[in-house]
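For reference, the structure is listed below as structure tokens.
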Amino acid sequence: MANIPANLKYTESDEWARLEADGTVTVGITDFAQESLGDIVFVELPDTGRTVAQDEASCVIESVKAAADVHAPISGEIVETNAEVPGSPDMVNADAYGNWLFRVKPSNPAELEKLLSPEAYAKKIGA
């Protein structure tokens, strides 16, 4: 059974998004994505202050198998990055939901409603 937390929203490109109490959205890759990539060896996070559009490639994750873009699930400004991840990229393999990548201050919070529910994401990945 796939690990798909019920309190998150998901993208077609295997990112997760969590709306925080302060209105920001925390973003990471799903457990399915980290399993597909294999051992993650490099993470390049976006610059804080950067404005991203929904579905825009925002950072890069490299594994021993492949490199993959991480897309922004929502439009807005990057307000924080997880500074621990680039130094220990394997953290994402250990806990894809506990080790987020960046936070976005949404410019259009309604975009969150367009993301996949946990049930729809499970169906998408065949879980």
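Scheme for the structure tokens: letters A, B, ... for chains in order shown; per-chain residue numbers from 1; ligand numbers from 1 in order shown.
Every protein, DNA or RNA residue with an atom at most 9 Å from Ala68 of chain A, where only C-alpha atoms count and chain neighbours fewer than 5 positions away do not, is listed here: Leu37, Cys59, Val60, Ile61, Glu62 and Ser63 of chain A.
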Within 8 Å of Thr51 of chain A, counting only C-alpha atoms, which residues qualify if same-chain residues fewer than 3 places away don't, as a PyMOL selection string?
-> chain A and resi 75-78
Output file for the residues above (N, CA and C atoms, as a short mmCIF file (atom, residue, chain, number, x, y, z; two decimals), in the first residue's frame):
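Okay, part.cif is ready:
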data_model
loop_
_atom_site.label_atom_id
_atom_site.label_comp_id
_atom_site.auth_asym_id
_atom_site.auth_seq_id
_atom_site.Cartn_x
_atom_site.Cartn_y
_atom_site.Cartn_z
N SER A 75 0.80 28.73 -7.80
CA SER A 75 1.52 29.97 -8.15
C SER A 75 1.78 30.80 -6.90
N GLY A 76 2.91 31.52 -6.92
CA GLY A 76 3.20 32.41 -5.80
C GLY A 76 4.68 32.67 -5.67
N GLU A 77 5.05 33.17 -4.49
CA GLU A 77 6.45 33.52 -4.19
C GLU A 77 7.05 32.47 -3.26
N ILE A 78 8.25 32.01 -3.60
CA ILE A 78 9.00 31.11 -2.73
C ILE A 78 9.43 31.92 -1.51
#
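Across A:Val27, A:Val104, A:Val52, A:Ala67, the tightest approach to Tyr10 of chain A is made by A:Val27 when counting only C-alpha atoms.
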Residues near segment 108-116 of chain A, cut-off 6 Å, only C-alpha atoms, skip fewer than 6 positions along chain, as a list in words = Lys9, Tyr10, Thr11 and Ile74 of chain A
Using C-alpha atoms, can you export the residues from the last selection as a PDB file, in the first residue's frame?
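Wrote it out as out_4.pdb, contents follow:
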ATOM      1  CA  LYS A   9      -3.083  17.591  -1.913  1.00  0.00           C
ATOM      2  CA  TYR A  10      -1.169  16.074  -4.843  1.00  0.00           C
ATOM      3  CA  THR A  11      -0.081  16.930  -8.380  1.00  0.00           C
ATOM      4  CA  ILE A  74       0.559  26.513  -6.829  1.00  0.00           C
TER       5      ILE A  74
END
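Those residues that approach Leu8 of chain A to within 8 Å, counting only C-alpha atoms, are Pro5, Trp16, Ala17, Arg18, Leu19, Ser117 and Pro118 of chain A; same-chain residues fewer than 3 positions away are not listed.
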Print the selection's residues with N, CA, C and O atoms to a file, as a short mmCIF file (atom, residue, chain, number, x, y, z; two decimals), in the first residue's frame.
data_model
loop_
_atom_site.label_atom_id
_atom_site.label_comp_id
_atom_site.auth_asym_id
_atom_site.auth_seq_id
_atom_site.Cartn_x
_atom_site.Cartn_y
_atom_site.Cartn_z
N PRO A 5 -0.55 10.40 2.61
CA PRO A 5 -1.23 11.05 3.73
C PRO A 5 -2.52 11.75 3.30
O PRO A 5 -2.57 12.41 2.25
N TRP A 16 3.62 16.91 -3.44
CA TRP A 16 2.55 17.08 -2.45
C TRP A 16 2.55 18.53 -2.00
O TRP A 16 3.56 19.23 -2.08
N ALA A 17 1.38 18.98 -1.53
CA ALA A 17 1.20 20.35 -1.06
C ALA A 17 0.37 20.32 0.22
O ALA A 17 -0.62 19.61 0.31
N ARG A 18 0.83 21.11 1.20
CA ARG A 18 0.11 21.20 2.48
C ARG A 18 -0.11 22.67 2.81
O ARG A 18 0.85 23.45 2.92
N LEU A 19 -1.37 23.05 2.96
CA LEU A 19 -1.71 24.42 3.35
C LEU A 19 -1.42 24.59 4.84
O LEU A 19 -1.90 23.82 5.66
N SER A 117 -6.95 14.94 -4.84
CA SER A 117 -7.21 14.45 -3.49
C SER A 117 -6.33 13.22 -3.27
O SER A 117 -5.81 12.63 -4.24
N PRO A 118 -6.15 12.80 -2.02
CA PRO A 118 -5.39 11.56 -1.77
C PRO A 118 -5.97 10.37 -2.55
O PRO A 118 -5.22 9.57 -3.10
#
Could you state the separation of atom CA of Ala83 of chain A and atom CA of Tyr121 of chain A in Å, given to one decimal place?
-> 27.9 Å
May I have all residues of segment 80-120 of chain A that DSSP, computed from the backbone, assigns to alpha helix (DSSP H), given as a ChimeraX atom specification?
-> /A:84-87,90-94,118-120
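Among the candidates A:Gly126, A:Leu45, A:Val70, A:Glu35, the residue lying nearest to Asn93 of chain A is A:Glu35 (atoms considered: only C-alpha atoms).
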Using only C-alpha atoms, the shortest atom-to-atom distance to Val64 of chain A among A:Val41, A:Ala94, A:Val79, A:Val85 belongs to A:Val41
Selection near Asp55 of chain A, 7 Å with only C-alpha atoms, sequence-local residues under 6 positions removed, as a compact mmCIF listing (two decimals) with all heavy atoms, in the first residue's frame:
# COMPACT_ATOMS: atom_id res chain seq x y z
N HIS A 71 7.89 20.46 -9.70
CA HIS A 71 7.01 21.53 -10.17
C HIS A 71 6.26 22.17 -9.02
O HIS A 71 5.88 21.48 -8.07
CB HIS A 71 6.02 20.97 -11.20
CG HIS A 71 6.70 20.42 -12.41
ND1 HIS A 71 7.13 19.13 -12.48
CD2 HIS A 71 7.06 21.01 -13.56
CE1 HIS A 71 7.72 18.92 -13.65
NE2 HIS A 71 7.69 20.05 -14.32
N ALA A 72 6.02 23.47 -9.14
CA ALA A 72 5.24 24.18 -8.12
C ALA A 72 3.78 23.78 -8.24
O ALA A 72 3.20 23.89 -9.31
CB ALA A 72 5.38 25.69 -8.31
N PRO A 73 3.17 23.30 -7.16
CA PRO A 73 1.77 22.93 -7.23
C PRO A 73 0.82 24.13 -7.25
O PRO A 73 -0.35 24.00 -7.54
CB PRO A 73 1.56 22.09 -5.96
CG PRO A 73 2.64 22.53 -5.04
CD PRO A 73 3.78 22.98 -5.88
